[in-house]
Structures are given as C-alpha cells and as structure tokens.
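Okay, work.csv now, which holds CSV, C-alpha atoms:
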```csv
chain,number,residue,atom,x,y,z
A,1,MET,CA,-19.4,8.6,-10.1
A,2,LYS,CA,-18.0,8.8,-13.6
A,3,LYS,CA,-14.4,7.9,-14.0
A,4,ARG,CA,-11.3,9.7,-15.4
A,5,ILE,CA,-9.2,7.5,-17.6
A,6,LEU,CA,-5.5,8.2,-18.6
A,7,ILE,CA,-4.1,6.0,-21.4
A,8,ILE,CA,-0.3,6.1,-21.8
A,9,SER,CA,1.3,4.7,-24.9
A,10,THR,CA,4.9,4.9,-26.2
A,11,SER,CA,5.7,5.7,-29.8
A,12,ALA,CA,8.4,3.0,-30.1
A,13,GLY,CA,6.9,1.2,-33.1
A,14,THR,CA,3.2,1.8,-34.0
A,15,GLY,CA,1.5,-1.1,-32.2
A,16,HIS,CA,1.5,0.5,-28.7
A,17,VAL,CA,-0.1,3.7,-30.1
A,18,ALA,CA,-2.7,1.8,-32.1
A,19,ALA,CA,-3.7,-0.3,-29.1
A,20,ALA,CA,-4.1,2.9,-27.0
A,21,THR,CA,-6.2,4.6,-29.7
A,22,ALA,CA,-8.6,1.6,-29.8
A,23,LEU,CA,-8.9,1.8,-26.0
A,24,GLU,CA,-9.5,5.5,-26.2
A,25,LYS,CA,-12.4,5.1,-28.6
A,26,ALA,CA,-13.9,2.3,-26.4
A,27,PHE,CA,-13.7,4.4,-23.2
A,28,HIS,CA,-15.2,7.4,-25.0
A,29,SER,CA,-18.3,5.4,-25.9
A,30,ASP,CA,-18.9,4.3,-22.4
A,31,ASN,CA,-21.3,6.5,-20.4
A,32,ARG,CA,-19.5,5.5,-17.1
A,33,VAL,CA,-16.5,7.6,-18.2
A,34,ALA,CA,-16.3,11.3,-17.6
A,35,GLU,CA,-13.0,12.0,-19.4
A,36,VAL,CA,-10.4,10.1,-21.4
A,37,ARG,CA,-6.9,11.3,-22.1
A,38,HIS,CA,-4.3,9.6,-24.3
A,39,GLU,CA,-0.7,10.6,-24.0
A,40,ASP,CA,2.6,9.4,-25.5
A,41,ALA,CA,5.0,8.9,-22.6
A,42,LEU,CA,7.9,10.0,-24.8
A,43,ASN,CA,6.5,13.4,-25.2
A,44,PHE,CA,7.3,14.0,-21.6
A,45,THR,CA,11.0,13.2,-21.9
A,46,ASN,CA,14.0,14.8,-23.4
A,47,LYS,CA,15.2,14.3,-27.0
A,48,LEU,CA,18.0,11.9,-26.1
A,49,PHE,CA,15.6,9.7,-24.2
A,50,ARG,CA,13.0,9.7,-27.0
A,51,ASP,CA,15.7,8.7,-29.5
A,52,PHE,CA,16.8,5.8,-27.3
A,53,TYR,CA,13.3,4.4,-27.0
A,54,SER,CA,12.1,5.0,-30.6
A,55,LYS,CA,14.9,5.5,-33.2
A,56,LEU,CA,17.3,3.0,-31.6
A,57,TYR,CA,14.6,0.4,-31.6
A,58,GLU,CA,13.7,1.0,-35.2
A,59,THR,CA,17.3,1.0,-36.3
A,60,MET,CA,18.0,-2.3,-34.5
A,61,ILE,CA,15.0,-4.0,-36.2
A,62,HIS,CA,16.4,-3.2,-39.6
A,63,ALA,CA,20.2,-3.4,-39.0
A,64,THR,CA,20.8,-5.9,-36.2
A,65,PRO,CA,17.6,-8.0,-35.4
A,66,GLY,CA,19.8,-10.7,-33.9
A,67,LEU,CA,21.2,-8.3,-31.4
A,68,LEU,CA,17.7,-7.0,-30.6
A,69,GLY,CA,16.6,-10.5,-29.9
A,70,TRP,CA,19.6,-11.2,-27.6
A,71,PHE,CA,18.9,-8.0,-25.7
A,72,TYR,CA,15.2,-8.8,-25.3
A,73,LYS,CA,16.0,-12.3,-24.1
A,74,ASN,CA,18.5,-11.2,-21.5
A,75,SER,CA,16.4,-8.3,-20.3
A,76,ASP,CA,13.1,-10.1,-20.1
A,77,GLU,CA,13.9,-12.2,-17.1
A,78,PRO,CA,11.8,-10.9,-14.2
A,79,TRP,CA,13.5,-8.5,-11.9
A,80,LYS,CA,16.9,-9.1,-13.5
A,81,THR,CA,17.3,-5.6,-15.0
A,82,ASP,CA,14.3,-3.8,-13.6
A,83,ALA,CA,16.2,-1.8,-11.1
A,84,VAL,CA,18.6,-0.3,-13.7
A,85,ARG,CA,15.8,0.3,-16.2
A,86,ILE,CA,13.5,2.0,-13.7
A,87,ARG,CA,16.3,4.3,-12.5
A,88,LEU,CA,16.9,5.4,-16.1
A,89,ASP,CA,13.2,5.9,-16.7
A,90,ARG,CA,12.7,7.9,-13.5
A,91,LEU,CA,15.6,10.2,-14.4
A,92,ASN,CA,13.8,11.3,-17.6
A,93,THR,CA,10.1,11.2,-16.9
A,94,GLY,CA,9.5,13.9,-14.2
A,95,PRO,CA,6.9,15.7,-16.4
A,96,LEU,CA,5.0,12.4,-16.8
A,97,VAL,CA,4.8,12.1,-13.0
A,98,THR,CA,3.5,15.7,-12.9
A,99,LEU,CA,0.8,14.9,-15.6
A,100,ILE,CA,-0.5,11.9,-13.5
A,101,GLN,CA,-0.6,13.9,-10.3
A,102,GLU,CA,-2.4,16.9,-11.9
A,103,PHE,CA,-4.9,14.9,-14.0
A,104,LYS,CA,-5.7,12.6,-11.0
A,105,PRO,CA,-7.1,9.7,-13.1
A,106,ASP,CA,-9.2,6.9,-11.6
A,107,PHE,CA,-7.6,4.4,-13.9
A,108,ILE,CA,-4.3,4.4,-15.8
A,109,VAL,CA,-3.9,2.1,-18.8
A,110,CYS,CA,-0.5,1.5,-20.2
A,111,THR,CA,0.3,-0.1,-23.6
A,112,HIS,CA,4.1,-0.1,-23.1
A,113,PHE,CA,6.3,-1.4,-20.3
A,114,MET,CA,8.1,1.9,-19.7
A,115,PRO,CA,5.2,4.0,-18.3
A,116,ALA,CA,3.9,0.9,-16.5
A,117,GLY,CA,7.2,0.6,-14.7
A,118,ILE,CA,7.1,4.3,-13.7
A,119,ILE,CA,3.6,3.9,-12.3
A,120,SER,CA,4.4,0.7,-10.5
A,121,HIS,CA,7.3,2.5,-8.8
A,122,LEU,CA,5.1,5.4,-7.8
A,123,MET,CA,2.5,3.1,-6.3
A,124,GLN,CA,5.1,1.1,-4.4
A,125,SER,CA,6.7,4.3,-3.0
A,126,GLY,CA,3.3,5.7,-2.0
A,127,LYS,CA,3.4,8.6,-4.4
A,128,LEU,CA,0.4,7.6,-6.4
A,129,GLY,CA,-2.9,5.8,-5.7
A,130,VAL,CA,-4.9,5.8,-2.5
A,131,ARG,CA,-3.7,9.1,-1.0
A,132,GLN,CA,-4.7,11.1,-4.0
A,133,SER,CA,-8.1,9.5,-4.1
A,134,TYR,CA,-8.7,11.0,-0.6
A,135,GLY,CA,-7.3,14.4,-1.5
A,136,LEU,CA,-4.2,13.8,0.5
A,137,LYS,CA,-0.6,14.9,-0.4
A,138,PRO,CA,1.5,12.0,-1.8
A,139,ASN,CA,4.7,12.8,0.1
A,140,LEU,CA,3.5,13.9,3.5
A,141,THR,CA,3.7,11.6,6.6
A,142,THR,CA,0.3,10.0,6.9
A,143,LEU,CA,-1.3,8.9,10.2
A,144,LEU,CA,-4.3,6.6,10.3
A,145,VAL,CA,-6.6,7.1,13.3
A,146,SER,CA,-9.2,4.4,13.9
A,147,ALA,CA,-12.2,4.3,16.2
A,148,GLY,CA,-13.1,0.9,14.9
A,149,ALA,CA,-16.3,-0.2,13.1
A,150,LEU,CA,-18.4,0.9,16.1
A,151,GLY,CA,-16.7,4.3,16.5
A,152,VAL,CA,-15.6,4.0,20.1
A,153,GLY,CA,-12.6,5.2,22.0
A,154,PRO,CA,-11.1,8.6,22.7
A,155,THR,CA,-11.0,9.7,19.0
A,156,GLU,CA,-12.0,13.3,19.7
A,157,MET,CA,-9.1,13.8,22.2
A,158,VAL,CA,-6.7,12.0,19.8
A,159,VAL,CA,-7.6,14.4,17.0
A,160,THR,CA,-7.3,17.4,19.3
A,161,ARG,CA,-3.8,16.4,20.4
A,162,LEU,CA,-2.7,15.6,16.8
A,163,LYS,CA,-3.2,19.3,15.9
A,164,ARG,CA,-0.3,20.0,18.3
A,165,LEU,CA,2.2,18.0,16.5
A,166,ARG,CA,5.5,19.7,15.7
A,167,HIS,CA,6.0,17.6,12.5
A,168,LYS,CA,4.0,18.3,9.4
A,169,THR,CA,1.6,15.4,9.0
A,170,GLN,CA,-1.8,14.5,7.5
A,171,SER,CA,-4.3,12.3,9.2
A,172,ILE,CA,-7.1,9.9,8.0
A,173,VAL,CA,-9.7,9.6,10.8
A,174,ILE,CA,-12.0,6.6,10.7
A,175,CYS,CA,-15.1,7.2,12.8
A,176,GLY,CA,-16.9,3.9,12.0
A,177,ARG,CA,-20.7,3.8,12.1
A,178,ASN,CA,-20.8,6.6,14.8
A,179,ASP,CA,-22.3,9.6,13.0
A,180,ALA,CA,-22.2,11.7,16.1
A,181,LEU,CA,-18.5,11.1,16.5
A,182,ARG,CA,-17.9,12.0,12.9
A,183,GLU,CA,-19.7,15.3,13.3
A,184,LYS,CA,-17.7,16.2,16.4
A,185,VAL,CA,-14.4,15.4,14.8
A,186,GLU,CA,-15.3,17.5,11.7
A,187,GLU,CA,-16.0,20.4,14.1
A,188,ILE,CA,-12.6,19.9,15.7
A,189,ILE,CA,-10.7,20.0,12.4
A,190,GLU,CA,-12.8,22.6,10.6
A,191,GLY,CA,-10.7,24.5,8.2
A,192,ASN,CA,-7.7,22.1,8.6
A,193,ASP,CA,-7.1,20.4,5.3
A,194,ASN,CA,-4.5,18.1,6.8
A,195,PHE,CA,-7.3,15.9,8.1
A,196,CYS,CA,-9.6,13.5,6.1
A,197,VAL,CA,-12.6,12.3,8.2
A,198,LEU,CA,-14.4,9.1,7.2
A,199,GLY,CA,-17.2,7.0,8.5
A,200,TYR,CA,-17.2,3.2,8.2
A,201,SER,CA,-14.8,2.0,5.5
A,202,ASP,CA,-14.3,-1.3,3.9
A,203,ARG,CA,-11.0,-0.2,2.5
A,204,MET,CA,-9.0,-0.5,5.7
A,205,ALA,CA,-6.3,-2.7,4.0
A,206,GLU,CA,-5.7,0.0,1.4
A,207,LEU,CA,-5.7,2.8,4.0
A,208,MET,CA,-3.2,0.8,6.2
A,209,ARG,CA,-0.9,0.2,3.3
A,210,THR,CA,-0.8,3.9,2.5
A,211,ALA,CA,-0.3,5.1,6.1
A,212,ASP,CA,2.9,5.5,7.9
A,213,LEU,CA,1.6,5.1,11.4
A,214,PHE,CA,-1.6,3.6,13.0
A,215,ILE,CA,-3.2,5.2,16.1
A,216,GLY,CA,-5.8,3.2,17.9
A,217,LYS,CA,-6.7,0.2,20.0
A,218,PRO,CA,-4.9,-3.1,19.4
A,219,GLY,CA,-7.9,-5.3,18.7
A,220,GLY,CA,-7.2,-8.8,17.3
A,221,ILE,CA,-8.2,-8.2,13.7
A,222,THR,CA,-6.9,-4.6,13.7
A,223,THR,CA,-3.5,-5.8,14.9
A,224,SER,CA,-3.3,-8.6,12.4
A,225,GLU,CA,-4.2,-6.3,9.5
A,226,ALA,CA,-1.6,-3.7,10.6
A,227,LEU,CA,1.1,-6.3,10.9
A,228,VAL,CA,0.4,-7.7,7.4
A,229,CYS,CA,0.7,-4.2,6.0
A,230,GLY,CA,3.9,-3.6,7.9
A,231,LEU,CA,2.3,-0.7,9.8
A,232,PRO,CA,3.7,0.4,13.1
A,233,MET,CA,1.2,1.3,15.8
A,234,VAL,CA,0.6,3.9,18.5
A,235,ILE,CA,-1.5,2.1,21.1
A,236,VAL,CA,-4.1,4.1,22.9
A,237,SER,CA,-6.8,3.0,25.4
A,238,PRO,CA,-6.5,-0.8,25.1
A,239,VAL,CA,-9.4,-2.7,26.5
A,240,PRO,CA,-8.4,-4.6,29.7
A,241,GLY,CA,-7.7,-8.3,29.0
A,242,GLN,CA,-7.0,-9.4,25.5
A,243,GLU,CA,-6.1,-6.0,24.1
A,244,GLU,CA,-3.7,-5.3,27.0
A,245,ARG,CA,-1.9,-8.6,26.2
A,246,ASN,CA,-1.8,-7.7,22.5
A,247,SER,CA,-0.3,-4.4,23.5
A,248,ASP,CA,2.4,-6.1,25.6
A,249,HIS,CA,3.3,-8.4,22.7
A,250,LEU,CA,3.6,-5.5,20.2
A,251,LEU,CA,5.7,-3.5,22.5
A,252,GLU,CA,8.0,-6.4,23.2
A,253,GLU,CA,8.4,-7.0,19.5
A,254,GLY,CA,9.3,-3.4,18.8
A,255,VAL,CA,6.5,-2.6,16.4
A,256,ALA,CA,4.5,-0.2,18.6
A,257,ILE,CA,4.7,2.6,21.1
A,258,LYS,CA,2.1,3.1,23.8
A,259,CYS,CA,0.5,6.4,25.0
A,260,ASN,CA,-1.0,6.0,28.5
A,261,ASP,CA,-1.9,9.7,28.8
A,262,LEU,CA,-3.2,11.4,25.6
A,263,VAL,CA,-1.7,14.7,26.7
A,264,THR,CA,1.7,13.2,25.7
A,265,LEU,CA,0.5,11.9,22.4
A,266,PRO,CA,2.1,14.7,20.2
A,267,TYR,CA,5.3,14.5,22.1
A,268,LYS,CA,5.6,10.7,21.6
A,269,ILE,CA,4.8,10.8,17.9
A,270,ASP,CA,7.1,13.7,17.3
A,271,GLN,CA,9.9,11.8,19.1
A,272,LEU,CA,9.3,8.8,16.8
A,273,LEU,CA,9.2,11.0,13.7
A,274,ASP,CA,12.5,12.6,14.8
A,275,HIS,CA,14.1,9.2,14.1
A,276,PRO,CA,13.0,7.9,10.7
A,277,THR,CA,15.4,5.0,10.9
A,278,ARG,CA,13.6,3.8,14.1
A,279,LEU,CA,10.2,4.1,12.3
A,280,LYS,CA,11.6,2.2,9.3
A,281,ARG,CA,12.9,-0.6,11.6
A,282,MET,CA,9.4,-0.8,13.2
A,283,ARG,CA,7.9,-1.2,9.8
A,284,THR,CA,10.3,-4.0,8.9
A,285,LEU,CA,9.6,-5.8,12.2
A,286,ALA,CA,5.9,-5.4,11.8
A,287,GLY,CA,6.1,-7.0,8.3
A,288,LYS,CA,8.0,-9.9,9.7
A,289,LEU,CA,5.3,-10.5,12.3
A,290,GLY,CA,2.5,-10.4,9.8
A,291,ARG,CA,0.8,-13.5,8.6
A,292,PRO,CA,-0.8,-12.8,5.2
A,293,ASP,CA,-1.3,-16.5,4.5
A,294,SER,CA,-3.1,-17.3,7.8
A,295,ALA,CA,-6.4,-18.2,6.2
A,296,ARG,CA,-4.6,-20.7,3.9
A,297,VAL,CA,-2.7,-22.2,6.8
A,298,ILE,CA,-5.9,-22.8,8.7
A,299,VAL,CA,-7.5,-24.5,5.6
A,300,ASN,CA,-4.5,-26.6,5.0
A,301,THR,CA,-4.2,-27.6,8.7
A,302,LEU,CA,-7.9,-28.7,8.8
A,303,LEU,CA,-7.8,-30.6,5.4
A,304,ASP,CA,-4.4,-32.2,5.6
A,305,ASP,CA,-4.4,-35.4,7.6
A,306,ASN,CA,-0.7,-35.1,8.4
A,307,LEU,CA,-1.3,-31.7,10.0
A,308,ARG,CA,-4.1,-32.5,12.4
A,309,PRO,CA,-3.1,-35.4,14.7
A,310,LEU,CA,-5.8,-34.6,17.2
A,311,HIS,CA,-8.4,-35.7,14.6
A,312,LEU,CA,-6.7,-39.0,13.7
A,313,SER,CA,-8.3,-42.3,14.7
A,314,ALA,CA,-7.4,-43.7,18.1
A,315,LYS,CA,-5.6,-46.6,16.4
A,316,LYS,CA,-3.5,-44.3,14.2
A,317,ARG,CA,-2.6,-42.0,17.2
A,318,GLU,CA,-1.5,-45.1,19.1
A,319,ALA,CA,0.7,-46.3,16.2
A,320,ILE,CA,2.3,-42.8,16.0
A,321,ALA,CA,2.9,-42.7,19.7
A,322,GLN,CA,4.5,-46.2,19.7
A,323,ALA,CA,6.7,-45.2,16.7
A,324,ALA,CA,7.8,-42.1,18.5
A,325,SER,CA,8.7,-43.9,21.7
A,326,SER,CA,10.7,-46.5,19.9
A,327,GLU,CA,12.3,-44.0,17.6
A,328,VAL,CA,10.9,-45.8,14.6
A,329,ALA,CA,10.0,-43.6,11.7
A,330,VAL,CA,6.4,-43.9,10.4
```

Go ahead and render the structure in this file as structure tokens.
Amino acid sequence: MKKRILIISTSAGTGHVAAATALEKAFHSDNRVAEVRHEDALNFTNKLFRDFYSKLYETMIHATPGLLGWFYKNSDEPWKTDAVRIRLDRLNTGPLVTLIQEFKPDFIVCTHFMPAGIISHLMQSGKLGVRQSYGLKPNLTTLLVSAGALGVGPTEMVVTRLKRLRHKTQSIVICGRNDALREKVEEIIEGNDNFCVLGYSDRMAELMRTADLFIGKPGGITTSEALVCGLPMVIVSPVPGQEERNSDHLLEEGVAIKCNDLVTLPYKIDQLLDHPTRLKRMRTLAGKLGRPDSARVIVNTLLDDNLRPLHLSAKKREAIAQAASSEVAV
C-alpha cells in the first residue's frame, strides 16, 4: 500500500525549510508514495510563538551570538530542559496536533526539534501512532483481547460480554490463525465500530504498548511480553498447570485480576476502570516485573565463565569450594 508522508519544518532560519523541500521532492518522485505534505510548524501557532522561534533567533544571531551560544550549550544537555520546552510547545501547537490526526500520515519527517518534540510526546502518551493505524480513537481506553496464535479460548464469549461494559472502551481482538473464529467474532460485533478484529499478528509488542488492559490466557511468552510493556492483565481460562501458576504469581504481584466466570467480566473490568489510580499502579508494578533484557542476560550467563559455575572444570569448582569454606577470596 502506498504511503502518506507528512514533512514538518520550522521557519527559524532557512536550513530547516530547505532540507524539508529537498525531502519533499525525493518523496514525490518515489512510486511507493501516495501523498506528500510539507508544512511549517509555526504556521499552526500564534504570532507570539512564531516571533519567539523565528525573529528572536534571527535577532540573537546578529546582536548577541555569544548569548545564543550559551543558551544552546545549556539547553542541549539531554532531558535537562525538555520538560519545560515541551510544555511550552504543547500550549501553542494544538492546530498542529489536529493536522496530524486528520492527515493520518504513515510517516512523519521533522527537520526541526520543536515538532519532533511534540510528536515524541504524542507517541509516548498514546495519542499518535499504532491506534490510528487501526482506525481506533487515540484517547479512548483500549482493551486487547487475545486468543493466541492458534485462536483458542472463549473469545466469542469474551467479546459478547465486553459489549455490556458500562465504561466507553474500544477493543482489539486477535483471533490468531483461526479464520472460523474471526468470522464468528465479526458477526458478533457487526456494526460496532468500537471493535477491531484481526487474525494472526506479528505486531503484538506494538499492540500491547498501545493497549490499557490485556484480556486472555497467561501463557509464558504472553505474560512476559505483557510485563515488559507494563500491561495489566485480565486473566480468563488459564490452562491447568503452568498457566494456573502464572496466574497465581500475577495476582500475588498485583498486576492482574482474574475472571473465573465470564458472566462477571464486564462487572470486574468496570470496577477496575472506576479506579484509574489502581490501574495506573498495576501498570507500574507490571513494568517493574518485566525483563526486557532477558535475552541478553541468558547470552551473558552462558558466555561469561564467572556466571556459569556448573560448567567449570572439576578442579576449578573444587578450588572455589575450598576458598568459600575457608573464607578466602578467590
């Protein structure tokens, strides 16, 4: 599918606009692009803000270059002044946000830090990005329902009960490779635009990061991915054995709720959504339990001699044991 490209420059000096113009021409000449739009971010702000970014900059170059250099040096340290600058930018760029949401670009290219900061904030706060690509509303509570790669579990009943929620929500339903399940779910939600039904997806990490709550079975990989994404879980129909133990652990750690009877599913979710501070705490706890560096830890453990004593030679293990028993450091 051909892409929509939004290029955002800022007319503080001429270089940012020139770079954007060159990019615009290059995108226009590529047959993989459907539409290119180039906008000056300052055109979407008020006069005072435009003067601050353009005229003040130009004045300082000519009158006080030393002061400009001092300001640049002191404001360029990562994260030191970002919070103040982003707040100022957000107060004056509401129309720019509207442009992005209405144009719905596949890619946004910025040639100036100001619009890049705005977009970064929008992505971090979940107002831009993955939700729009699925036709979802950026500010609505989003539930992620997963039947797993094989499309098993009580997904039809879950979707049916979600239609009874008191809170306004939207749901992404993953049916896996089960085409029959997908057809049944689409029949259940026919005419309801608060549901997005998908088959198998290799974008689960993206979907988990954009969701507010996960509904499904606590399989090992599913649980690990959800915790890395800081995503609280609603556990339904855990498989006896390992998944039941995963369920117990998640409940003990305060990152999940469990629904033993799907009739009560809307009640339990509504109760959770009634208390946003509880949901926020669950998200925080889930993030703390996540292990995003687990693959690297495994590699280091296997390759670092000091981290794998079971694979040491018998002679070296004996020396370590003797040193430990005599309290002598090796």

Quick one: everything within 7 Å of stretch 209-213 of chain A, counting all atoms listed in the file, minus sequence neighbours fewer than 2 positions away in the same chain. Send it as a JSON list (two decimals) with C-alpha atoms, keeping the file's coordinate frame.
```json
[["chain", "number", "residue", "atom", "x", "y", "z"],
["A", 126, "GLY", "CA", 3.30, 5.70, -2.00],
["A", 130, "VAL", "CA", -4.90, 5.80, -2.50],
["A", 131, "ARG", "CA", -3.70, 9.10, -1.00],
["A", 141, "THR", "CA", 3.70, 11.60, 6.60],
["A", 142, "THR", "CA", 0.30, 10.00, 6.90],
["A", 143, "LEU", "CA", -1.30, 8.90, 10.20],
["A", 144, "LEU", "CA", -4.30, 6.60, 10.30],
["A", 205, "ALA", "CA", -6.30, -2.70, 4.00],
["A", 206, "GLU", "CA", -5.70, 0.00, 1.40],
["A", 207, "LEU", "CA", -5.70, 2.80, 4.00],
["A", 215, "ILE", "CA", -3.20, 5.20, 16.10],
["A", 229, "CYS", "CA", 0.70, -4.20, 6.00],
["A", 231, "LEU", "CA", 2.30, -0.70, 9.80],
["A", 232, "PRO", "CA", 3.70, 0.40, 13.10],
["A", 233, "MET", "CA", 1.20, 1.30, 15.80]]
```

Write out as a PDB file with C-alpha atoms, in the frame of the given file each polymer residue whose atoms come within 7 Å of A:Leu198, counting only C-alpha atoms; drop sequence neighbours fewer than 5 positions from it.
```
ATOM      1  CA  VAL A 173      -9.700   9.600  10.800  1.00  0.00           C
ATOM      2  CA  ILE A 174     -12.000   6.600  10.700  1.00  0.00           C
ATOM      3  CA  CYS A 175     -15.100   7.200  12.800  1.00  0.00           C
TER       4      CYS A 175
END
```

A:Arg245 environment, 12 Å, only C-alpha atoms, sequence neighbours closer than 5 positions dropped, as a PyMOL selection string: chain A and resi 217-220+223+235+238-240+250-252

Shell around A:Ala20 at 8 Å using only C-alpha atoms, local window under 4 positions removed, as a ChimeraX atom specification: /A:7-9,16,24,38,110-111

A:Gly153, A:Pro105, A:Gly148, A:Gly117 ranked by distance to A:Gln132, top pick (using all atoms listed in the file):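 Residue with the minimum atom-to-atom distance to A:Gln132: A:Pro105.
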
Shortest interatomic distance to A:Val109 - which of A:Ala226, A:Ala149, A:Leu23, A:Ala180, counting all atoms listed in the file: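 For A:Val109, the nearest of the given residues is A:Leu23.
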
Using only C-alpha atoms: which of A:Ala19, A:Asp40, A:Leu302, A:Glu187 has the shortest distance to A:Glu156: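 Distance minimum relative to A:Glu156 lands on A:Glu187.
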
Name all residues at most 6 Å from A:Phe44 (count only C-alpha atoms; drop same-chain ones fewer than 3 positions away) and give them as a PDB file with C-alpha atoms, in the frame of the given file.
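Output file around-v5.pdb follows:
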```pdb
ATOM      1  CA  ALA A  41       5.000   8.900 -22.600  1.00  0.00           C
ATOM      2  CA  PRO A  95       6.900  15.700 -16.400  1.00  0.00           C
ATOM      3  CA  LEU A  96       5.000  12.400 -16.800  1.00  0.00           C
TER       4      LEU A  96
END
```

Separation of atom CA of A:Leu285 from atom CA of A:Leu165, in Å and rounded to one decimal: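 Atom CA of A:Leu165 lies at a distance of 25.3 Å from atom CA of A:Leu285.
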
Distance of atom CA of A:Thr155 from atom CA of A:Lys184, expressed in Å to one decimal place: 9.7 Å

Atom-to-atom span, atom CA of A:Leu279 and atom CA of A:Arg182, Å: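 For atom CA of A:Leu279 relative to atom CA of A:Arg182, the distance reads 29.2 Å.
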
Distance query 9 Å from (-7.7, 14.6, -21.5) using all atoms listed in the file, result as number ranges by chain: A: 4-6, 35-39, 103

For A:Phe113, the nearest of the candidates A:Ala12, A:Ile172, A:His28, A:Ala22, counting all atoms listed in the file: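 Among the listed residues, A:Ala12 lies closest to A:Phe113.
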
Pick from A:Ile269, A:Met208, A:Leu162, A:Val33, whichever lies nearest to A:Leu227 using all atoms listed in the file: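 Of all the options, A:Met208 lies closest to A:Leu227.
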
Residue nearest A:Gly199 among A:Gly216, A:Gly176, A:Gly254, A:Gly287 (counting only C-alpha atoms):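 Nearest candidate to A:Gly199 out of A:Gly216, A:Gly176, A:Gly254, A:Gly287: A:Gly176.
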